[in-house]
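Reviewing the structure listed below.
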Amino acid sequence: MNKIKENVLEKTTPTQEYRKKLKNIIKEIEIKIKEEIEKRKIPAEIKLVGSIAKDTYLMNNMDIDFFLCFPSNLKKDKIAENALFIGRKILNDTEESYAEHPYIRGYFKDYYVEIVPCYKIEKSSQKLSAVDRTPLHTEYVKKNLNEEQKKEVRLFKQFLKGINCYGAEAQIQGFSGYLCEILIIYYDSFENLLRNVKEWRFNTTLSLKDENHPDFDTPLVFIDPVDSNRNVASALSKEKFDLFIKASIKYLKKPNIKFFFPNPIKAWSIEKIKKEIQKQKSKYLAIKFDEPGIIDENLYPQLRKAQKSIEKICLENDFKVYDTEFFIDKEKKDILLLIKAENKELSYTKIHEGPPLELSKNVDEFNKKWKNDKRVVKGPFEKNKRIYVEIKREYRDIKEFLKHILLNLSLGKHLDKVIEKKYDILEINDLLNEDLRIFWTDYLDDRHSWER
């Protein structure tokens with residue numbers, strides 16, 4: 001295990017040459033931001049935040065995060081306007097977000113940079129927006145994380161990257177950098193953290209301070225040491241929570257460098273994919289539509305909402321859906337929403353349940369409704385003290401059913417718009433192609449990243 005740790009730290013700890021280069025780039029960006037602040041006479045203070053400021057970043061894997069801290073008497077739209085203007089002036093390939101707080105990100109000489117406006121606060125109770133506490137996070141970690149623990153944070157982050165659990169963004173739903181840092185402060189070391197993980201259960205709650213805090217219904221709760229009303233682990237999904245626990249137990253049992261640096265996925269041949277699908281005896285369909293051109297923070301939640309909506313409506317209409325998954329093709333700018341369902345048509349008719357016989361008024365209404373309905377094959381009839389009717393199904397095939405209901409489903413604001421314009425429902429033969437080999441391999445191969 002010690003040899004593995006040494007190997008990981010050698011690969012992830014920034015060299016002195018790299019640090020020097022990064023320091024010069026940061027200074028260059030800071031000067032340019034300062035020039036724009038002075039030109040526009042903006043009352044903002046520049047703060048470097050995030051993993052670089054805390055010296056917990058991984059070699060060749062970091063973002064440069066600058067916060068522009070404004071006095072609280074300025075309006076939100078004004079501080080946003082100034083930050084976005086500065087970002088557009090000094091960054092290339094910019095992308096703007098207007099979620100709970102506006103910010104801009106882009107590239108400066110191949111370095112990924114974010115510029116975020118916030119209000120300058122001394123304590124979390126003064127915050128006016130969610131990001132205002134971020135500089136306080138940076139200060140807390142700098143004060144409470146020692147030099148040895150910075151190594152432990154790097155080990156932890158790389159472990160999470162290796163098992164695809166690193167990052168609180170919507171695409172990953174894993175552990176944020178700040179959560180990694182305070183977990184190491186709490187447990188002292190990476191290894192001690194892993195040894196304690198086996199005791200974690202849903203809603204395990206951790207805190208670095210003895211303070212009152214609200215209850216949170218999430219897999220892991222870590223009370224923010226700078227704001228006791230916030231759960232730092234709120235973005236962590238049940239899937240990634242369970243995966244991390246499993247990986248931790250497996251690593252301690254049999255340490256392997258592949259937990260940190262897994263082998264890349266080797267795409268299966270089309271023939272192997274076809275054989276694996278045939279073994280499952282399930283029906284595969286995919287709804288194909290254009291990528292709506294929105295940021296990932298908005299796209300991924302809508303795709304997950306679409307999955308749930310489709311699963312729910314299919315279940316309500318007796319179609320068995322075993323699984324759904326999505327694939328975003330960035331080059332072709334389209335999305336496939338895959339549906340794995342039972343491979344058979346539904347019965348010609350179905351039994352529709354009515355009210356209990358004791359509710360005579362409801363029974364009368366049920367009889368009137370169905371008595372002359374052309375869909376009725378049998379009934380209304382009584383059974384087990386309840387009234388029923390047997391009716392013809394409108395749709396027996398899941399593909400036809402999806403064609404019928406898709407435009408009436410609420411899949412997400414932006415997805416609804418693109419699907420309304422154009423969509424296709426593809427069957428398995430259309431989905432077995434070279435472009436999807438990696439997707440199918442990853443989807444069908446039930447081995448974890450460290451097992452490949």
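Residue numbering restarts at 1 for every chain of the structure tokens, chains are lettered A, B, ... in their displayed order, and ligands are numbered from 1 as they appear.
Residue neighbourhood of Gly106 in chain A, excluding near-sequence residues (fewer than 6 positions): Leu91, Asn92, Asp93, Thr94, Tyr112 and Val113 of chain A, at 6 Å, using only C-alpha atoms.
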What would the file look like if the residues just selected were written as a PDB file, in the first residue's frame with C-alpha atoms?
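Below is the file that was written, selection_16.pdb:
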ATOM      1  CA  LEU A  91     -10.667  34.624 -21.553  1.00  0.00           C
ATOM      2  CA  ASN A  92     -11.147  32.621 -24.767  1.00  0.00           C
ATOM      3  CA  ASP A  93     -13.896  30.093 -25.617  1.00  0.00           C
ATOM      4  CA  THR A  94     -16.026  31.452 -22.812  1.00  0.00           C
ATOM      5  CA  TYR A 112      -9.169  26.610 -17.599  1.00  0.00           C
ATOM      6  CA  VAL A 113     -10.281  29.653 -15.607  1.00  0.00           C
TER       7      VAL A 113
END
Discussion item. I'd like the neighbourhood of range 435-447 of chain A as a list in words, where a residue qualifies if any of its atoms comes within 7 Å (using only C-alpha atoms), though same-chain residues fewer than 5 positions away should be ignored.
Written reply: Ala267, Trp268, Ile270, Ile273 and Arg452 of chain A
Written selection (N, CA and C atoms) as a short mmCIF file (atom, residue, chain, number, x, y, z; two decimals), in the first residue's frame:
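Listing of out30.cif after writing:
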data_model
loop_
_atom_site.label_atom_id
_atom_site.label_comp_id
_atom_site.auth_asym_id
_atom_site.auth_seq_id
_atom_site.Cartn_x
_atom_site.Cartn_y
_atom_site.Cartn_z
N ALA A 267 -12.76 -0.98 -26.24
CA ALA A 267 -14.06 -1.20 -26.89
C ALA A 267 -14.21 -2.64 -27.37
N TRP A 268 -15.34 -3.24 -27.04
CA TRP A 268 -15.66 -4.57 -27.55
C TRP A 268 -15.98 -4.48 -29.04
N ILE A 270 -18.29 -5.22 -32.36
CA ILE A 270 -19.76 -5.18 -32.57
C ILE A 270 -20.34 -6.57 -32.34
N ILE A 273 -20.65 -7.25 -28.61
CA ILE A 273 -21.76 -6.45 -28.06
C ILE A 273 -23.09 -7.10 -28.41
N ARG A 452 -10.91 -3.82 -14.46
CA ARG A 452 -10.69 -4.02 -15.89
C ARG A 452 -9.22 -4.27 -16.20
#
Discussion item. Would you pick out the contacts of Ile172 in chain A at 10 Å or less, using only C-alpha atoms, so that residues sharing its chain but fewer than 4 positions from it are not included, and give the list as a PyMOL selection string?
Written reply: chain A and resi 164-168+176+235-237+240+300
Mind dumping a table of every range 84-153 of chain A residue within 12 Å of range 34-37 of chain A, with the nearest atom pair and its distance in Å to one decimal, using only C-alpha atoms, sorted by chain and rising number, as a tab-separated table?
residue	atom	partner	partner_atom	distance
A:Leu84	CA	A:Glu36	CA	11.5
A:Phe85	CA	A:Glu36	CA	9.0
A:Ile86	CA	A:Glu36	CA	6.4
A:Gly87	CA	A:Glu36	CA	9.7
A:Arg88	CA	A:Glu36	CA	11.0
A:Lys89	CA	A:Glu36	CA	8.4
A:Ile90	CA	A:Glu36	CA	9.1
Worksheet item: From the list A:Pro225, A:Glu199, A:Tyr187, A:Arg105, which residue is nearest Glu139 in chain A when using only C-alpha atoms?
Response: A:Pro225
Discussion item. Using DSSP secondary structure from the backbone, list all strand (DSSP E) positions within range 248-418 of chain A, as number ranges by chain.
Written reply: A: 282-290, 321-329, 334-342, 349-356, 376-383, 386-392
Worksheet entry | Spatial neighbours of Glu390 in chain A, max dist 10 Å, only C-alpha atoms, sep filter under 6 positions, as a list in words | Thr349, Lys350, Ile351, His352, Glu353, Trp370, Arg375, Val376, Val377, Lys378, Gly379, Pro380 and Phe381 of chain A
Item to complete: Excluding Ile428 in chain A and any residue of its chain fewer than 5 positions from it, enumerate the residues within 8 Å of it, using only C-alpha atoms, and give them as a PyMOL selection string.
Response: chain A and resi 283-285
Can you write out the residues you just picked, keeping N, CA and C atoms, as a CSV table (one decimal), in the first residue's frame?
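Done, and the output landed in part.csv:
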chain,number,residue,atom,x,y,z
A,283,LYS,N,-35.4,-6.0,-24.8
A,283,LYS,CA,-35.7,-5.1,-26.0
A,283,LYS,C,-35.0,-3.8,-25.7
A,284,TYR,N,-34.1,-3.3,-26.7
A,284,TYR,CA,-33.5,-2.1,-26.5
A,284,TYR,C,-34.0,-1.1,-27.5
A,285,LEU,N,-34.3,0.1,-27.0
A,285,LEU,CA,-34.8,1.2,-27.9
A,285,LEU,C,-34.0,2.5,-27.5
Practice prompt. Compile the contact shell of Leu407 in chain A as number ranges by chain: residues with an atom at most 7 Å away, counting only C-alpha atoms, same-chain residues fewer than 2 positions apart removed.
Written response: A: 405, 409, 420
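Distance annotation: of A:Val226, A:Ser269, A:Asn343, A:Glu169, the residue with the minimal separation from Leu299 in chain A is A:Glu169; atom set is only C-alpha atoms.
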Worksheet item: Residues of range 96-322 of chain A in alpha helix (DSSP H) according to DSSP, as JSON, numbers by chain?
Response: {"A": [134, 135, 136, 137, 138, 139, 140, 141, 142, 143, 144, 147, 148, 149, 150, 151, 152, 153, 154, 155, 156, 157, 158, 159, 160, 161, 162, 177, 178, 179, 180, 181, 182, 183, 184, 185, 186, 187, 190, 191, 192, 193, 194, 195, 196, 197, 238, 239, 240, 241, 242, 243, 244, 245, 246, 247, 248, 249, 250, 251, 252, 253, 270, 271, 272, 273, 274, 275, 276, 277, 278, 279, 280, 296, 297, 298, 299, 300, 301, 302, 303, 304, 305, 306, 307, 308, 309, 310, 311, 312, 313, 314, 315, 316]}
Since we have the selection now, will you write its residues out, keeping C-alpha atoms, as a JSON list (two decimals), in the first residue's frame?
[["chain", "number", "residue", "atom", "x", "y", "z"],
["A", 134, "THR", "CA", -16.51, 30.09, -0.95],
["A", 135, "PRO", "CA", -13.64, 32.41, 0.07],
["A", 136, "LEU", "CA", -14.41, 31.41, 3.68],
["A", 137, "HIS", "CA", -14.01, 27.74, 2.66],
["A", 138, "THR", "CA", -10.59, 28.52, 1.22],
["A", 139, "GLU", "CA", -9.51, 30.31, 4.41],
["A", 140, "TYR", "CA", -10.81, 27.50, 6.63],
["A", 141, "VAL", "CA", -8.91, 24.79, 4.76],
["A", 142, "LYS", "CA", -5.70, 26.85, 4.64],
["A", 143, "LYS", "CA", -5.85, 27.26, 8.43],
["A", 144, "ASN", "CA", -6.82, 23.68, 9.30],
["A", 147, "GLU", "CA", 1.31, 19.95, 4.88],
["A", 148, "GLU", "CA", 1.13, 16.16, 5.40],
["A", 149, "GLN", "CA", -2.64, 16.21, 5.03],
["A", 150, "LYS", "CA", -2.32, 17.95, 1.65],
["A", 151, "LYS", "CA", -0.67, 14.73, 0.43],
["A", 152, "GLU", "CA", -3.59, 12.75, 1.87],
["A", 153, "VAL", "CA", -6.05, 14.99, 0.01],
["A", 154, "ARG", "CA", -4.20, 14.32, -3.26],
["A", 155, "LEU", "CA", -4.35, 10.56, -2.64],
["A", 156, "PHE", "CA", -8.07, 10.82, -1.87],
["A", 157, "LYS", "CA", -8.88, 12.95, -4.90],
["A", 158, "GLN", "CA", -6.99, 10.65, -7.28],
["A", 159, "PHE", "CA", -8.71, 7.61, -5.77],
["A", 160, "LEU", "CA", -12.08, 9.26, -6.40],
["A", 161, "LYS", "CA", -11.05, 10.16, -9.95],
["A", 162, "GLY", "CA", -10.05, 6.54, -10.57],
["A", 177, "GLY", "CA", -12.85, 19.18, -3.69],
["A", 178, "TYR", "CA", -13.91, 20.98, -0.51],
["A", 179, "LEU", "CA", -15.66, 17.84, 0.77],
["A", 180, "CYS", "CA", -12.43, 15.88, 0.16],
["A", 181, "GLU", "CA", -10.44, 18.42, 2.17],
["A", 182, "ILE", "CA", -12.72, 18.51, 5.20],
["A", 183, "LEU", "CA", -13.02, 14.70, 5.20],
["A", 184, "ILE", "CA", -9.23, 14.52, 5.50],
["A", 185, "ILE", "CA", -9.29, 17.16, 8.25],
["A", 186, "TYR", "CA", -11.92, 15.02, 10.02],
["A", 187, "TYR", "CA", -10.22, 11.62, 9.59],
["A", 190, "PHE", "CA", -6.66, 8.89, 3.45],
["A", 191, "GLU", "CA", -6.16, 5.41, 4.88],
["A", 192, "ASN", "CA", -7.99, 6.19, 8.13],
["A", 193, "LEU", "CA", -10.89, 7.61, 6.08],
["A", 194, "LEU", "CA", -11.13, 4.39, 4.04],
["A", 195, "ARG", "CA", -11.05, 2.28, 7.20],
["A", 196, "ASN", "CA", -13.99, 4.21, 8.64],
["A", 197, "VAL", "CA", -16.06, 4.18, 5.45],
["A", 238, "LYS", "CA", -26.75, 7.35, -3.61],
["A", 239, "GLU", "CA", -25.05, 5.57, -6.53],
["A", 240, "LYS", "CA", -21.69, 7.31, -5.98],
["A", 241, "PHE", "CA", -21.99, 6.99, -2.18],
["A", 242, "ASP", "CA", -22.41, 3.21, -2.51],
["A", 243, "LEU", "CA", -19.66, 2.94, -5.13],
["A", 244, "PHE", "CA", -17.17, 4.77, -2.91],
["A", 245, "ILE", "CA", -17.93, 2.51, 0.07],
["A", 246, "LYS", "CA", -17.52, -0.59, -2.10],
["A", 247, "ALA", "CA", -14.25, 0.64, -3.66],
["A", 248, "SER", "CA", -12.84, 1.58, -0.22],
["A", 249, "ILE", "CA", -13.52, -1.88, 1.20],
["A", 250, "LYS", "CA", -12.09, -3.59, -1.90],
["A", 251, "TYR", "CA", -8.96, -1.42, -1.92],
["A", 252, "LEU", "CA", -8.15, -2.09, 1.74],
["A", 253, "LYS", "CA", -8.65, -5.81, 1.14],
["A", 270, "ILE", "CA", -19.76, -5.18, -32.57],
["A", 271, "GLU", "CA", -20.09, -8.99, -32.62],
["A", 272, "LYS", "CA", -19.33, -9.27, -28.89],
["A", 273, "ILE", "CA", -21.76, -6.45, -28.06],
["A", 274, "LYS", "CA", -24.44, -8.15, -30.14],
["A", 275, "LYS", "CA", -23.90, -11.50, -28.39],
["A", 276, "GLU", "CA", -24.06, -9.88, -24.95],
["A", 277, "ILE", "CA", -27.32, -8.11, -25.83],
["A", 278, "GLN", "CA", -28.83, -11.33, -27.22],
["A", 279, "LYS", "CA", -28.00, -13.11, -23.94],
["A", 280, "GLN", "CA", -30.09, -10.61, -22.03],
["A", 296, "ASP", "CA", -23.96, 20.59, -18.25],
["A", 297, "GLU", "CA", -25.32, 21.90, -14.93],
["A", 298, "ASN", "CA", -28.70, 22.28, -16.65],
["A", 299, "LEU", "CA", -28.49, 19.42, -19.15],
["A", 300, "TYR", "CA", -27.75, 16.48, -16.82],
["A", 301, "PRO", "CA", -30.60, 17.14, -14.34],
["A", 302, "GLN", "CA", -33.05, 17.37, -17.26],
["A", 303, "LEU", "CA", -31.80, 14.09, -18.73],
["A", 304, "ARG", "CA", -32.25, 12.38, -15.36],
["A", 305, "LYS", "CA", -35.74, 13.87, -15.12],
["A", 306, "ALA", "CA", -36.48, 12.50, -18.61],
["A", 307, "GLN", "CA", -35.35, 9.02, -17.52],
["A", 308, "LYS", "CA", -37.68, 9.07, -14.51],
["A", 309, "SER", "CA", -40.63, 10.41, -16.54],
["A", 310, "ILE", "CA", -40.27, 7.69, -19.18],
["A", 311, "GLU", "CA", -39.85, 4.91, -16.61],
["A", 312, "LYS", "CA", -42.90, 6.14, -14.69],
["A", 313, "ILE", "CA", -45.27, 6.45, -17.68],
["A", 314, "CYS", "CA", -44.18, 3.04, -19.02],
["A", 315, "LEU", "CA", -44.78, 1.40, -15.65],
["A", 316, "GLU", "CA", -48.23, 3.02, -15.37]]
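Atom pair CA of Ile163 in chain A / CA of Phe259 in chain A has a distance of 6.4 Å (rounded to one decimal).
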